[in-house]
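Shown next: start-v6.tsv, containing TSV, C-alpha atoms.
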chain	number	residue	atom	x	y	z
Z	1	MET	CA	-13.04	-15.36	-21.04
Z	2	ALA	CA	-11.06	-12.20	-20.36
Z	3	ALA	CA	-8.28	-12.43	-17.80
Z	4	ILE	CA	-9.26	-11.70	-14.20
Z	5	ASN	CA	-6.60	-9.65	-12.42
Z	6	LEU	CA	-6.67	-10.21	-8.65
Z	7	LEU	CA	-3.06	-9.13	-8.14
Z	8	PRO	CA	-1.90	-6.41	-5.70
Z	9	GLY	CA	0.28	-5.19	-8.55
Z	10	PRO	CA	0.43	-4.66	-11.39
Z	11	VAL	CA	-3.28	-3.95	-11.16
Z	12	ALA	CA	-5.75	-3.79	-14.01
Z	13	ILE	CA	-5.29	-0.49	-15.86
Z	14	SER	CA	-8.07	1.30	-17.73
Z	15	ARG	CA	-7.77	2.04	-21.45
Z	16	ARG	CA	-7.66	5.79	-20.79
Z	17	VAL	CA	-4.74	5.43	-18.38
Z	18	ARG	CA	-2.88	3.16	-20.82
Z	19	SER	CA	-3.39	5.72	-23.56
Z	20	ALA	CA	-2.08	8.49	-21.31
Z	21	LEU	CA	1.10	6.48	-20.70
Z	22	ALA	CA	1.59	6.05	-24.46
Z	23	ALA	CA	1.36	9.78	-25.23
Z	24	ASP	CA	4.44	11.61	-26.52
Z	25	ALA	CA	6.99	12.35	-23.81
Z	26	PHE	CA	8.01	15.91	-22.91
Z	27	SER	CA	10.47	17.58	-20.57
Z	28	HIS	CA	9.81	17.83	-16.85
Z	29	ARG	CA	10.85	21.48	-17.21
Z	30	SER	CA	8.15	22.26	-19.79
Z	31	ASP	CA	4.87	24.12	-19.37
Z	32	ALA	CA	3.08	21.00	-20.63
Z	33	PHE	CA	4.51	19.04	-17.70
Z	34	ASN	CA	3.39	21.64	-15.16
Z	35	ARG	CA	-0.13	21.63	-16.64
Z	36	ILE	CA	-0.34	17.96	-15.64
Z	37	TYR	CA	1.71	18.11	-12.46
Z	38	GLU	CA	-0.45	20.62	-10.57
Z	39	PRO	CA	-3.84	18.86	-11.16
Z	40	CYS	CA	-2.17	15.58	-10.21
Z	41	ARG	CA	-0.82	17.05	-6.99
Z	42	GLN	CA	-4.17	18.61	-6.07
Z	43	ALA	CA	-6.03	15.35	-6.74
Z	44	LEU	CA	-3.62	13.49	-4.45
Z	45	LEU	CA	-4.08	16.09	-1.69
Z	46	ARG	CA	-7.86	15.71	-1.93
Z	47	LEU	CA	-7.64	11.94	-1.79
Z	48	GLY	CA	-5.16	11.92	1.11
Z	49	LYS	CA	-6.64	14.93	2.98
Z	50	SER	CA	-3.13	16.23	3.52
Z	51	LYS	CA	-1.53	19.69	3.41
Z	52	TYR	CA	1.42	18.78	1.18
Z	53	VAL	CA	2.54	15.98	-1.13
Z	54	ALA	CA	5.85	15.24	-2.86
Z	55	LEU	CA	6.33	13.09	-5.96
Z	56	LEU	CA	9.56	11.40	-6.99
Z	57	MET	CA	10.55	8.65	-9.38
Z	58	GLY	CA	10.62	5.33	-7.54
Z	59	SER	CA	8.64	2.65	-5.75
Z	60	GLY	CA	6.93	2.60	-2.37
Z	61	THR	CA	10.29	1.60	-0.91
Z	62	ALA	CA	11.74	4.88	-2.22
Z	63	ALA	CA	8.90	6.78	-0.53
Z	64	ASN	CA	9.74	5.01	2.73
Z	65	ALA	CA	13.40	5.97	2.28
Z	66	VAL	CA	12.28	9.62	2.18
Z	67	VAL	CA	10.30	9.06	5.39
Z	68	ALA	CA	13.36	7.51	7.06
Z	69	GLN	CA	15.57	10.45	6.10
Z	70	GLU	CA	12.94	12.88	7.37
Z	71	LEU	CA	12.72	11.03	10.70
Z	72	LYS	CA	16.49	11.28	10.99
Z	73	LYS	CA	16.09	15.06	11.33
Z	74	LEU	CA	14.01	14.68	14.51
Z	75	PRO	CA	15.39	14.69	18.06
Z	76	GLY	CA	14.60	11.85	20.42
Z	77	LYS	CA	13.85	8.18	19.97
Z	78	GLY	CA	11.16	6.53	17.86
Z	79	LEU	CA	9.11	3.34	17.80
Z	80	ILE	CA	8.49	1.06	14.79
Z	81	LEU	CA	5.73	-1.56	14.81
Z	82	SER	CA	5.90	-4.83	12.90
Z	83	ASN	CA	3.40	-7.65	12.50
Z	84	GLY	CA	4.39	-8.77	9.02
Z	85	GLU	CA	6.77	-8.53	6.08
Z	86	PHE	CA	6.35	-4.82	5.47
Z	87	GLY	CA	6.64	-3.80	9.11
Z	88	ALA	CA	9.89	-5.79	9.15
Z	89	ARG	CA	11.03	-3.82	6.11
Z	90	LEU	CA	10.38	-0.55	7.94
Z	91	ILE	CA	12.61	-1.77	10.77
Z	92	SER	CA	15.31	-2.71	8.26
Z	93	GLN	CA	15.10	0.67	6.51
Z	94	GLY	CA	15.15	2.47	9.84
Z	95	ARG	CA	18.30	0.66	10.94
Z	96	LYS	CA	20.09	1.25	7.67
Z	97	ALA	CA	19.18	4.94	7.87
Z	98	GLY	CA	20.76	5.10	11.33
Z	99	LEU	CA	17.53	5.94	13.18
Z	100	ASP	CA	17.31	5.58	16.96
Z	101	PHE	CA	14.20	3.56	17.82
Z	102	ASP	CA	12.61	0.71	19.76
Z	103	THR	CA	10.51	-2.01	18.14
Z	104	TYR	CA	7.20	-3.67	18.93
Z	105	VAL	CA	7.23	-6.92	16.97
Z	106	LEU	CA	4.39	-9.46	16.86
Z	107	ASN	CA	3.69	-12.63	14.91
Z	108	TRP	CA	2.45	-11.99	11.39
Z	109	GLY	CA	-1.19	-10.91	11.39
Z	110	GLU	CA	-1.43	-10.47	15.16
Z	111	ALA	CA	-3.21	-7.34	16.38
Z	112	PHE	CA	-1.22	-4.65	18.22
Z	113	GLY	CA	-2.35	-3.79	21.73
Z	114	PHE	CA	-3.16	-0.08	22.11
Z	115	GLU	CA	-2.23	-0.03	25.81
Z	116	LYS	CA	1.13	-1.66	25.04
Z	117	ILE	CA	1.81	0.93	22.33
Z	118	LYS	CA	0.93	3.76	24.76
Z	119	LYS	CA	3.47	2.44	27.28
Z	120	MET	CA	6.18	2.13	24.64
Z	121	LEU	CA	5.49	5.67	23.40
Z	122	ARG	CA	6.15	7.32	26.78
Z	123	ASN	CA	9.69	8.25	25.80
Z	124	ALA	CA	9.22	8.34	22.02
Z	125	SER	CA	9.03	11.33	19.69
Z	126	TRP	CA	7.79	9.45	16.62
Z	127	LEU	CA	5.95	6.27	15.59
Z	128	TRP	CA	6.14	4.43	12.24
Z	129	LEU	CA	3.92	1.53	11.13
Z	130	ALA	CA	2.30	-0.13	8.13
Z	131	HIS	CA	-1.20	1.29	7.68
Z	132	CYS	CA	-2.29	-2.00	6.09
Z	133	GLU	CA	0.16	-4.89	6.46
Z	134	THR	CA	0.00	-6.13	2.88
Z	135	CYS	CA	1.29	-9.65	3.56
Z	136	THR	CA	-1.74	-10.56	5.71
Z	137	GLY	CA	-4.28	-7.79	5.09
Z	138	ALA	CA	-4.08	-6.73	8.76
Z	139	MET	CA	-5.32	-3.19	9.39
Z	140	ASN	CA	-3.00	-1.60	11.95
Z	141	LEU	CA	-4.13	2.02	12.24
Z	142	ASP	CA	-6.52	2.66	15.11
Z	143	PRO	CA	-8.29	6.07	15.33
Z	144	GLN	CA	-7.53	6.22	19.07
Z	145	LEU	CA	-3.84	5.80	18.23
Z	146	VAL	CA	-4.01	8.83	15.92
Z	147	ALA	CA	-5.73	10.85	18.65
Z	148	HIS	CA	-3.21	9.71	21.28
Z	149	CYS	CA	-0.21	10.68	19.17
Z	150	LYS	CA	-1.77	14.04	18.34
Z	151	SER	CA	-2.47	14.82	22.00
Z	152	LEU	CA	1.15	14.13	22.98
Z	153	GLY	CA	2.81	15.68	19.94
Z	154	ILE	CA	4.18	12.31	18.79
Z	155	LYS	CA	4.83	12.34	15.06
Z	156	LEU	CA	2.86	9.47	13.50
Z	157	CYS	CA	4.12	8.05	10.19
Z	158	LEU	CA	2.42	5.50	7.93
Z	159	ASP	CA	3.42	3.14	5.17
Z	160	SER	CA	0.18	3.56	3.17
Z	161	VAL	CA	1.37	1.88	-0.02
Z	162	SER	CA	-1.57	-0.55	0.00
Z	163	SER	CA	-4.24	1.58	1.68
Z	164	LEU	CA	-4.22	4.74	-0.47
Z	165	GLY	CA	-6.85	4.47	-3.19
Z	166	ASN	CA	-8.32	1.30	-1.69
Z	167	GLN	CA	-10.01	2.76	1.38
Z	168	GLU	CA	-10.91	6.14	2.82
Z	169	VAL	CA	-7.82	7.76	4.35
Z	170	ASP	CA	-7.21	10.95	6.30
Z	171	PHE	CA	-3.60	12.07	6.60
Z	172	SER	CA	-4.44	15.47	8.13
Z	173	ASP	CA	-3.02	14.41	11.52
Z	174	ILE	CA	-0.24	12.23	10.08
Z	175	TYR	CA	3.33	13.53	10.02
Z	176	LEU	CA	4.40	11.47	6.98
Z	177	ALA	CA	2.59	8.91	4.83
Z	178	SER	CA	4.19	7.01	1.96
Z	179	SER	CA	2.52	5.49	-1.08
Z	180	THR	CA	2.95	4.78	-4.79
Z	181	SER	CA	1.29	5.37	-8.16
Z	182	GLY	CA	0.49	1.68	-8.62
Z	183	LYS	CA	-1.85	-0.49	-6.54
Z	184	GLY	CA	-4.88	1.45	-5.25
Z	185	LEU	CA	-4.38	4.53	-7.41
Z	186	CYS	CA	-5.06	2.34	-10.49
Z	187	SER	CA	-2.05	3.50	-12.46
Z	188	PHE	CA	1.41	2.18	-13.33
Z	189	ALA	CA	4.11	1.72	-10.70
Z	190	GLY	CA	7.08	4.10	-10.84
Z	191	ILE	CA	6.09	7.22	-8.90
Z	192	ALA	CA	6.75	7.39	-5.16
Z	193	VAL	CA	4.36	9.61	-3.18
Z	194	VAL	CA	4.96	11.19	0.24
Z	195	PHE	CA	2.24	13.11	2.09
Z	196	TYR	CA	3.17	15.51	4.91
Z	197	ASN	CA	1.81	18.39	6.95
Z	198	HIS	CA	4.91	20.27	8.09
Z	199	GLN	CA	7.54	22.53	6.52
Z	200	PRO	CA	10.58	20.26	6.18
Z	201	GLN	CA	14.09	21.50	6.92
Z	202	TYR	CA	17.06	20.59	4.74
Z	203	ALA	CA	19.00	17.50	5.77
Z	204	GLN	CA	22.49	17.99	7.18
Z	205	ASN	CA	23.65	14.74	5.58
Z	206	GLY	CA	22.27	12.04	3.33
Z	207	HIS	CA	21.04	12.29	-0.25
Z	208	ASP	CA	19.34	15.27	-1.93
Z	209	TYR	CA	17.14	12.85	-3.86
Z	210	LEU	CA	15.62	11.65	-0.57
Z	211	ASP	CA	15.43	15.05	1.11
Z	212	LEU	CA	11.80	16.15	1.45
Z	213	ALA	CA	12.85	19.81	1.80
Z	214	VAL	CA	14.32	19.71	-1.72
Z	215	TYR	CA	10.90	18.73	-3.11
Z	216	HIS	CA	8.98	21.11	-0.85
Z	217	ASN	CA	11.00	24.15	-1.94
Z	218	ALA	CA	11.08	23.34	-5.65
Z	219	ALA	CA	8.65	25.11	-7.98
Z	220	SER	CA	7.93	21.76	-9.65
Z	221	VAL	CA	9.75	18.42	-9.52
Z	222	PRO	CA	13.46	19.02	-8.75
Z	223	PHE	CA	14.84	16.04	-10.69
Z	224	THR	CA	14.22	14.19	-13.96
Z	225	PHE	CA	10.66	12.88	-14.08
Z	226	SER	CA	8.72	10.77	-16.57
Z	227	SER	CA	5.92	12.80	-18.16
Z	228	ASN	CA	4.37	9.53	-19.32
Z	229	LEU	CA	4.04	8.13	-15.80
Z	230	LEU	CA	2.78	11.47	-14.52
Z	231	ASN	CA	0.21	11.69	-17.32
Z	232	ALA	CA	-0.99	8.16	-16.54
Z	233	LEU	CA	-1.28	8.87	-12.81
Z	234	CYS	CA	-3.09	12.16	-13.36
Z	235	THR	CA	-5.55	10.46	-15.72
Z	236	ALA	CA	-6.20	7.70	-13.19
Z	237	LEU	CA	-6.77	10.20	-10.37
Z	238	LEU	CA	-9.19	12.30	-12.43
Z	239	THR	CA	-11.15	9.42	-13.98
Z	240	THR	CA	-11.42	6.92	-11.13
Z	241	ASP	CA	-14.40	7.15	-8.78
Z	242	TYR	CA	-12.56	6.09	-5.62
Z	243	THR	CA	-15.65	6.39	-3.39
Z	244	LYS	CA	-17.45	3.93	-5.65
Z	245	LYS	CA	-14.38	1.71	-5.58
Z	246	PHE	CA	-14.39	1.67	-1.76
Z	247	ARG	CA	-18.04	0.56	-1.81
Z	248	GLN	CA	-17.20	-2.18	-4.30
Z	249	ASN	CA	-14.37	-3.42	-2.08
Z	250	ALA	CA	-16.83	-3.77	0.81
Z	251	LYS	CA	-19.08	-5.92	-1.38
Z	252	HIS	CA	-16.13	-8.02	-2.53
Z	253	ALA	CA	-15.17	-8.59	1.10
Z	254	LEU	CA	-18.58	-10.14	1.79
Z	255	GLN	CA	-18.09	-12.49	-1.15
Z	256	VAL	CA	-14.68	-13.56	0.14
Z	257	LEU	CA	-15.95	-14.12	3.67
Z	258	LYS	CA	-18.69	-16.38	2.32
Z	259	PHE	CA	-16.16	-18.23	0.15
Z	260	LEU	CA	-13.86	-18.82	3.12
Z	261	ALA	CA	-16.69	-20.10	5.31
Z	262	VAL	CA	-18.06	-22.48	2.65
Z	263	ASN	CA	-14.61	-23.93	1.93
Z	264	GLY	CA	-13.36	-24.10	5.52
Z	265	LEU	CA	-10.50	-21.67	4.88
Z	266	HIS	CA	-9.16	-18.74	6.87
Z	267	THR	CA	-6.73	-15.83	6.79
Z	268	PRO	CA	-3.54	-15.73	8.91
Z	269	SER	CA	-4.60	-12.52	10.64
Z	270	SER	CA	-6.34	-11.94	13.96
Z	271	ALA	CA	-6.26	-8.17	13.41
Z	272	ARG	CA	-8.99	-6.18	11.66
Z	273	GLN	CA	-9.08	-7.32	8.04
Z	274	ALA	CA	-8.69	-5.00	5.05
Z	275	GLU	CA	-11.52	-5.33	2.55
Z	276	TYR	CA	-9.26	-5.17	-0.52
Z	277	ILE	CA	-6.48	-7.71	0.10
Z	278	TRP	CA	-7.02	-11.25	1.34
Z	279	THR	CA	-4.31	-13.74	2.26
Z	280	ILE	CA	-5.64	-17.31	2.41
Z	281	VAL	CA	-3.99	-20.13	4.35
Z	282	LEU	CA	-4.14	-23.32	2.29
Z	283	PRO	CA	-4.42	-26.83	3.72
Z	284	GLU	CA	-1.08	-28.66	3.80
Z	285	GLU	CA	-2.21	-31.10	1.12
Z	286	ILE	CA	-2.79	-28.32	-1.45
Z	287	ASN	CA	0.36	-26.69	-2.78
Z	288	SER	CA	0.09	-22.91	-3.33
Z	289	LEU	CA	2.44	-22.99	-6.34
Z	290	THR	CA	0.40	-25.71	-8.03
Z	291	LEU	CA	-2.88	-23.93	-7.29
Z	292	GLY	CA	-1.61	-20.57	-8.53
Z	293	ALA	CA	-0.38	-22.11	-11.79
Z	294	ALA	CA	-3.72	-23.85	-12.30
Z	295	LEU	CA	-5.56	-20.56	-11.83
Z	296	GLU	CA	-3.29	-18.82	-14.36
Z	297	LYS	CA	-4.17	-21.49	-16.94
Z	298	ASN	CA	-7.80	-20.51	-16.38
Z	299	GLY	CA	-7.10	-16.79	-16.77
Z	300	VAL	CA	-7.24	-15.90	-13.06
Z	301	TYR	CA	-4.14	-14.08	-11.82
Z	302	ILE	CA	-3.48	-14.08	-8.09
Z	303	HIS	CA	-0.42	-13.37	-5.95
Z	304	TYR	CA	1.36	-16.61	-5.02
Z	305	LYS	CA	5.02	-16.52	-6.16
Z	306	ASN	CA	6.29	-14.07	-3.55
Z	307	ARG	CA	8.89	-15.53	-1.19
Z	308	TYR	CA	6.82	-15.19	2.00
Z	309	LEU	CA	3.69	-16.59	0.33
Z	310	LEU	CA	5.54	-19.67	-0.92
Z	311	LYS	CA	7.19	-20.21	2.45
Z	312	ASN	CA	3.83	-20.22	4.26
Z	313	ASN	CA	1.79	-21.98	1.54
Z	314	TRP	CA	-0.46	-18.94	1.21
Z	315	ILE	CA	-2.20	-17.32	-1.73
Z	316	GLN	CA	-3.40	-13.73	-1.97
Z	317	LEU	CA	-6.35	-12.07	-3.70
Z	318	ALA	CA	-6.47	-8.30	-4.15
Z	319	PHE	CA	-9.12	-5.91	-5.46
Z	320	MET	CA	-6.88	-2.90	-5.96
Z	321	GLY	CA	-7.57	-2.31	-9.63
Z	322	GLY	CA	-11.27	-1.57	-9.35
Z	323	CYS	CA	-12.59	-5.12	-9.86
Z	324	VAL	CA	-16.31	-5.50	-10.59
Z	325	THR	CA	-18.57	-7.99	-8.82
Z	326	LYS	CA	-18.85	-10.23	-11.88
Z	327	GLU	CA	-15.06	-10.64	-12.07
Z	328	VAL	CA	-14.70	-11.41	-8.38
Z	329	SER	CA	-17.53	-13.95	-8.49
Z	330	ALA	CA	-16.03	-15.68	-11.51
Z	331	GLY	CA	-12.55	-15.69	-9.95
Z	332	LEU	CA	-13.80	-17.19	-6.68
Z	333	SER	CA	-15.80	-19.81	-8.58
Z	334	ILE	CA	-12.73	-20.92	-10.53
Z	335	LEU	CA	-10.64	-20.88	-7.34
Z	336	GLU	CA	-13.17	-23.14	-5.62
Z	337	ARG	CA	-13.19	-25.53	-8.56
Z	338	GLU	CA	-9.39	-25.78	-8.64
Z	339	LEU	CA	-9.22	-26.23	-4.86
Z	340	ASN	CA	-11.62	-29.17	-5.13
Z	341	ALA	CA	-9.66	-30.62	-8.03
Z	342	LEU	CA	-6.41	-30.56	-6.03
Z	343	ALA	CA	-7.91	-31.83	-2.77
Z	344	PRO	CA	-6.98	-35.44	-1.93
Z	345	LYS	CA	-9.72	-37.88	-2.83
Z	346	PRO	CA	-11.05	-40.03	0.01
Z	347	PRO	CA	-10.12	-43.73	-0.23
Show me, as structure tokens, the structure contained in the file I just sent.
Amino acid sequence: MAAINLLPGPVAISRRVRSALAADAFSHRSDAFNRIYEPCRQALLRLGKSKYVALLMGSGTAANAVVAQELKKLPGKGLILSNGEFGARLISQGRKAGLDFDTYVLNWGEAFGFEKIKKMLRNASWLWLAHCETCTGAMNLDPQLVAHCKSLGIKLCLDSVSSLGNQEVDFSDIYLASSTSGKGLCSFAGIAVVFYNHQPQYAQNGHDYLDLAVYHNAASVPFTFSSNLLNALCTALLTTDYTKKFRQNAKHALQVLKFLAVNGLHTPSSARQAEYIWTIVLPEEINSLTLGAALEKNGVYIHYKNRYLLKNNWIQLAFMGGCVTKEVSAGLSILERELNALAPKPP
């Protein structure tokens, strides 16, 4: 049986995208590079429904560093929300960047209260949160929050590393949204992506590499860039039917919900659940490390070795690489079998 990839990254990569990565490399100053760069940029803008997008070499964390430096240019105080690992990382990045902000911190997976956010935003000029909190699958962006920020001129920023390419997004009223070439875009990690809808001003201090204005005012990419990674991303964007993928994710979600109910399992989140990433709380008597290793022996690859997953005895299934129903069904069947095998036998 072929391996079943249910990881949030690296995701399953199509043969065409792998071939694009393996093509001969060429200079980021060449005409050949620009012939790929512009279609790639336009495809991202269509997918994100944004006015502008910047690409730089790096991970989603690098994209968030650009967001932090851009927020540093704004007057006034901000607010950062956290209900999980990646919200906590935004707070850490914000502090290290020297931003002035308050925090609204909840237990992992707990849903934010809109009225509480409104009160905390009374004296704020910007808001930053994880679109989808990857550690639990909690969906944090509420349409009424977008409308509220727009009505008051509050600049709303999103960490959309997990959401882009896995669900319908609309960044047209978002000040800044960060993402990456891996995960939902079905390509290789290594390109950081920042969507925005304003004309950025040059930073007075900090690093040119993280200054959005440097990218905005450049004719192409301003710094060394891998043509191989760009070629792979462009191929993924132009050959992946993301609308079909979103529909598939909805079907996979129904399968997971049925699996959880049948096996008496649950997620750690009380917030609205993303359809494409599922964190499962295991019973105390079943060790997540043992279960994950057993699944790997059967060709099913899930996320279980991350620090926060091990600490909480959680496992995670993700459908970010365009999984088909047959793969998800087979993966859940093997997971159920291994769960039963590891469950304590009654005396």
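Between CA of Asn249 in chain Z and CA of Ser163 in chain Z the interatomic distance comes to 11.9 Å.
For the pair CA of Ala341 in chain Z and CA of Thr290 in chain Z, the separation is 11.2 Å.
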Checklist entry - For the atom pair CA of Gly264 in chain Z and CA of Ala12 in chain Z, what is the interatomic distance in Å to one decimal place? => result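 That distance, rounded to one decimal, is 29.2 Å.
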Checklist entry - Do you know which residues are at most 12 Å from Ile302 in chain Z counting only C-alpha atoms, after dropping those on the same chain fewer than 5 positions away, and could you put them as number ranges by chain? => result Z: 3-11, 277-280, 288-289, 291-297, 309, 314-320, 328, 331-332, 334-335
Next on the checklist: Around (13.7, 15.1, -7.2), as given in the file, which residues come within 9 Å? Count only C-alpha atoms and list them as a count of residues only.
Outcome noted: 17
Item to check | Distance criterion (all atoms listed in the file): nearest to Ser172 in chain Z out of Z:Tyr276, Z:Tyr52, Z:Phe26, Z:Phe86 | outcome: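 Using all atoms listed in the file, the shortest distance to Ser172 in chain Z belongs to Z:Tyr52.
Around the point (3.7, 18.6, -23.4), within 12 Å and counting all atoms listed in the file, we find these residues: Ala20, Ala23, Asp24, Ala25, Phe26, Ser27, His28, Arg29, Ser30, Asp31, Ala32, Phe33, Asn34, Arg35, Ile36, Tyr37, Ser226, Ser227, Asn228, Leu230 and Asn231 of chain Z.
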Kindly list the centre and edge lengths in Å, rounded to one decimal, for the axis-aligned box that covers all listed atoms of range 152-170 of chain Z plus 4 Å on each of its six sides, as lines of an AutoDock Vina configuration file.
center_x = -3.0
center_y = 7.6
center_z = 9.9
size_x = 23.7
size_y = 24.2
size_z = 34.2
Could you make a table, as a Markdown table, of the residues of range 160-253 of chain Z that have an atom within 12 Å of an atom of range 127-133 of chain Z, each with its nearest atom pair and distance in Å to one decimal, counting all atoms listed in the file, in chain and number order?
| residue | atom | partner | partner_atom | distance |
| --- | --- | --- | --- | --- |
| Z:Ser160 | CA | Z:His131 | CA | 5.2 |
| Z:Val161 | CA | Z:Cys132 | CA | 8.1 |
| Z:Ser162 | CA | Z:Cys132 | CA | 6.3 |
| Z:Ser163 | CA | Z:Cys132 | CA | 6.0 |
| Z:Leu164 | CA | Z:His131 | CA | 9.4 |
| Z:Asn166 | CA | Z:Cys132 | CA | 10.4 |
| Z:Gln167 | CA | Z:Cys132 | CA | 10.2 |
| Z:Glu168 | CA | Z:His131 | CA | 11.9 |
| Z:Val169 | CA | Z:His131 | CA | 9.8 |
| Z:Asp170 | CA | Z:His131 | CA | 11.5 |
| Z:Phe171 | CA | Z:His131 | CA | 11.1 |
| Z:Ile174 | CA | Z:Leu127 | CA | 10.2 |
| Z:Tyr175 | CA | Z:Leu127 | CA | 9.5 |
| Z:Leu176 | CA | Z:Trp128 | CA | 9.0 |
| Z:Ala177 | CA | Z:His131 | CA | 9.0 |
| Z:Ser178 | CA | Z:Ala130 | CA | 9.6 |
| Z:Ser179 | CA | Z:His131 | CA | 10.4 |
Item to check | Spatial neighbours of range 75-83 of chain Z, 6 Å, only C-alpha atoms, chain gap at least 2 places, as a PyMOL selection string | outcome: chain Z and resi 87-88+100-109+124-129
Kindly save the residues from that selection, with C-alpha atoms included, as a short mmCIF file (atom, residue, chain, number, x, y, z; two decimals), in the coordinates of the input.
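Wrote it out as selection20.cif, contents follow:
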data_model
loop_
_atom_site.label_atom_id
_atom_site.label_comp_id
_atom_site.auth_asym_id
_atom_site.auth_seq_id
_atom_site.Cartn_x
_atom_site.Cartn_y
_atom_site.Cartn_z
CA GLY Z 87 6.64 -3.80 9.11
CA ALA Z 88 9.89 -5.79 9.15
CA ASP Z 100 17.31 5.58 16.96
CA PHE Z 101 14.20 3.56 17.82
CA ASP Z 102 12.61 0.71 19.76
CA THR Z 103 10.51 -2.01 18.14
CA TYR Z 104 7.20 -3.67 18.93
CA VAL Z 105 7.23 -6.92 16.97
CA LEU Z 106 4.39 -9.46 16.86
CA ASN Z 107 3.69 -12.63 14.91
CA TRP Z 108 2.45 -11.99 11.39
CA GLY Z 109 -1.19 -10.91 11.39
CA ALA Z 124 9.22 8.34 22.02
CA SER Z 125 9.03 11.33 19.69
CA TRP Z 126 7.79 9.45 16.62
CA LEU Z 127 5.95 6.27 15.59
CA TRP Z 128 6.14 4.43 12.24
CA LEU Z 129 3.92 1.53 11.13
#
Checklist entry - Which neighbours of Gln69 in chain Z fall inside 12 Å, counting all atoms listed in the file, when residues of the same chain fewer than 5 positions from it are skipped, and could you give them as a PyMOL selection string? => result chain Z and resi 62-64+74+93-99+176+200-213
Go ahead and dump the residues you just picked, C-alpha atoms, as a PDB file, keeping the file's coordinate frame.
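Wrote it out as out_13.pdb, contents follow:
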ATOM      1  CA  ALA Z  62      11.740   4.880  -2.220  1.00  0.00           C
ATOM      2  CA  ALA Z  63       8.900   6.780  -0.530  1.00  0.00           C
ATOM      3  CA  ASN Z  64       9.740   5.010   2.730  1.00  0.00           C
ATOM      4  CA  LEU Z  74      14.010  14.680  14.510  1.00  0.00           C
ATOM      5  CA  GLN Z  93      15.100   0.670   6.510  1.00  0.00           C
ATOM      6  CA  GLY Z  94      15.150   2.470   9.840  1.00  0.00           C
ATOM      7  CA  ARG Z  95      18.300   0.660  10.940  1.00  0.00           C
ATOM      8  CA  LYS Z  96      20.090   1.250   7.670  1.00  0.00           C
ATOM      9  CA  ALA Z  97      19.180   4.940   7.870  1.00  0.00           C
ATOM     10  CA  GLY Z  98      20.760   5.100  11.330  1.00  0.00           C
ATOM     11  CA  LEU Z  99      17.530   5.940  13.180  1.00  0.00           C
ATOM     12  CA  LEU Z 176       4.400  11.470   6.980  1.00  0.00           C
ATOM     13  CA  PRO Z 200      10.580  20.260   6.180  1.00  0.00           C
ATOM     14  CA  GLN Z 201      14.090  21.500   6.920  1.00  0.00           C
ATOM     15  CA  TYR Z 202      17.060  20.590   4.740  1.00  0.00           C
ATOM     16  CA  ALA Z 203      19.000  17.500   5.770  1.00  0.00           C
ATOM     17  CA  GLN Z 204      22.490  17.990   7.180  1.00  0.00           C
ATOM     18  CA  ASN Z 205      23.650  14.740   5.580  1.00  0.00           C
ATOM     19  CA  GLY Z 206      22.270  12.040   3.330  1.00  0.00           C
ATOM     20  CA  HIS Z 207      21.040  12.290  -0.250  1.00  0.00           C
ATOM     21  CA  ASP Z 208      19.340  15.270  -1.930  1.00  0.00           C
ATOM     22  CA  TYR Z 209      17.140  12.850  -3.860  1.00  0.00           C
ATOM     23  CA  LEU Z 210      15.620  11.650  -0.570  1.00  0.00           C
ATOM     24  CA  ASP Z 211      15.430  15.050   1.110  1.00  0.00           C
ATOM     25  CA  LEU Z 212      11.800  16.150   1.450  1.00  0.00           C
ATOM     26  CA  ALA Z 213      12.850  19.810   1.800  1.00  0.00           C
TER      27      ALA Z 213
END
Next on the checklist: Please list as a list in words every residue within 10 Å of Gly60 in chain Z, counting all atoms listed in the file and excluding residues in the same chain fewer than 5 positions away.
Outcome noted: Ala65, Val66, Asp159, Ser160, Val161, Ser162, Ser178, Ser179, Thr180, Ser181, Gly182, Ala189, Gly190, Ile191, Ala192, Val193 and Val194 of chain Z
Checklist entry - Counting only C-alpha atoms, which of Z:Asn140, Z:Leu185, Z:Gln273, Z:Gln199 gets nearest to Asn217 in chain Z? => result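 Looking only at the distances to Asn217 in chain Z, the closest residue turns out to be Z:Gln199.
Restricting the calculation to all atoms listed in the file, the smallest distance between Leu254 in chain Z and any of Z:Pro39, Z:Ala232, Z:Asn312, Z:Thr325 is found for Z:Thr325.
Using only C-alpha atoms, the shortest contact distance between Arg122 in chain Z and any of Z:Arg89, Z:His148, Z:His266, Z:Arg307 is found at Z:His148.
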Neighbouring residues of Leu265 in chain Z were defined as those with any atom within 8 Å, considering all atoms listed in the file; residues of the same chain fewer than 3 positions away were excluded. Please report them as an mmCIF file with C-alpha atoms, keeping the file's coordinate frame.
data_model
loop_
_atom_site.group_PDB
_atom_site.id
_atom_site.type_symbol
_atom_site.label_atom_id
_atom_site.label_comp_id
_atom_site.auth_asym_id
_atom_site.auth_seq_id
_atom_site.Cartn_x
_atom_site.Cartn_y
_atom_site.Cartn_z
ATOM 1 C CA LEU Z 260 -13.860 -18.820 3.120
ATOM 2 C CA ALA Z 261 -16.690 -20.100 5.310
ATOM 3 C CA VAL Z 262 -18.060 -22.480 2.650
ATOM 4 C CA ILE Z 280 -5.640 -17.310 2.410
ATOM 5 C CA VAL Z 281 -3.990 -20.130 4.350
ATOM 6 C CA LEU Z 282 -4.140 -23.320 2.290
#
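Closest approach to Thr239 in chain Z from the set Z:Ala2, Z:Pro283, Z:Gly322, Z:Arg272 is made by Z:Gly322, with distances taken over only C-alpha atoms.
Proximity to Arg337 in chain Z was assessed for Z:Phe259, Z:Arg46, Z:Glu285, Z:Ala274 counting all atoms listed in the file; the smallest distance is recorded for Z:Phe259.
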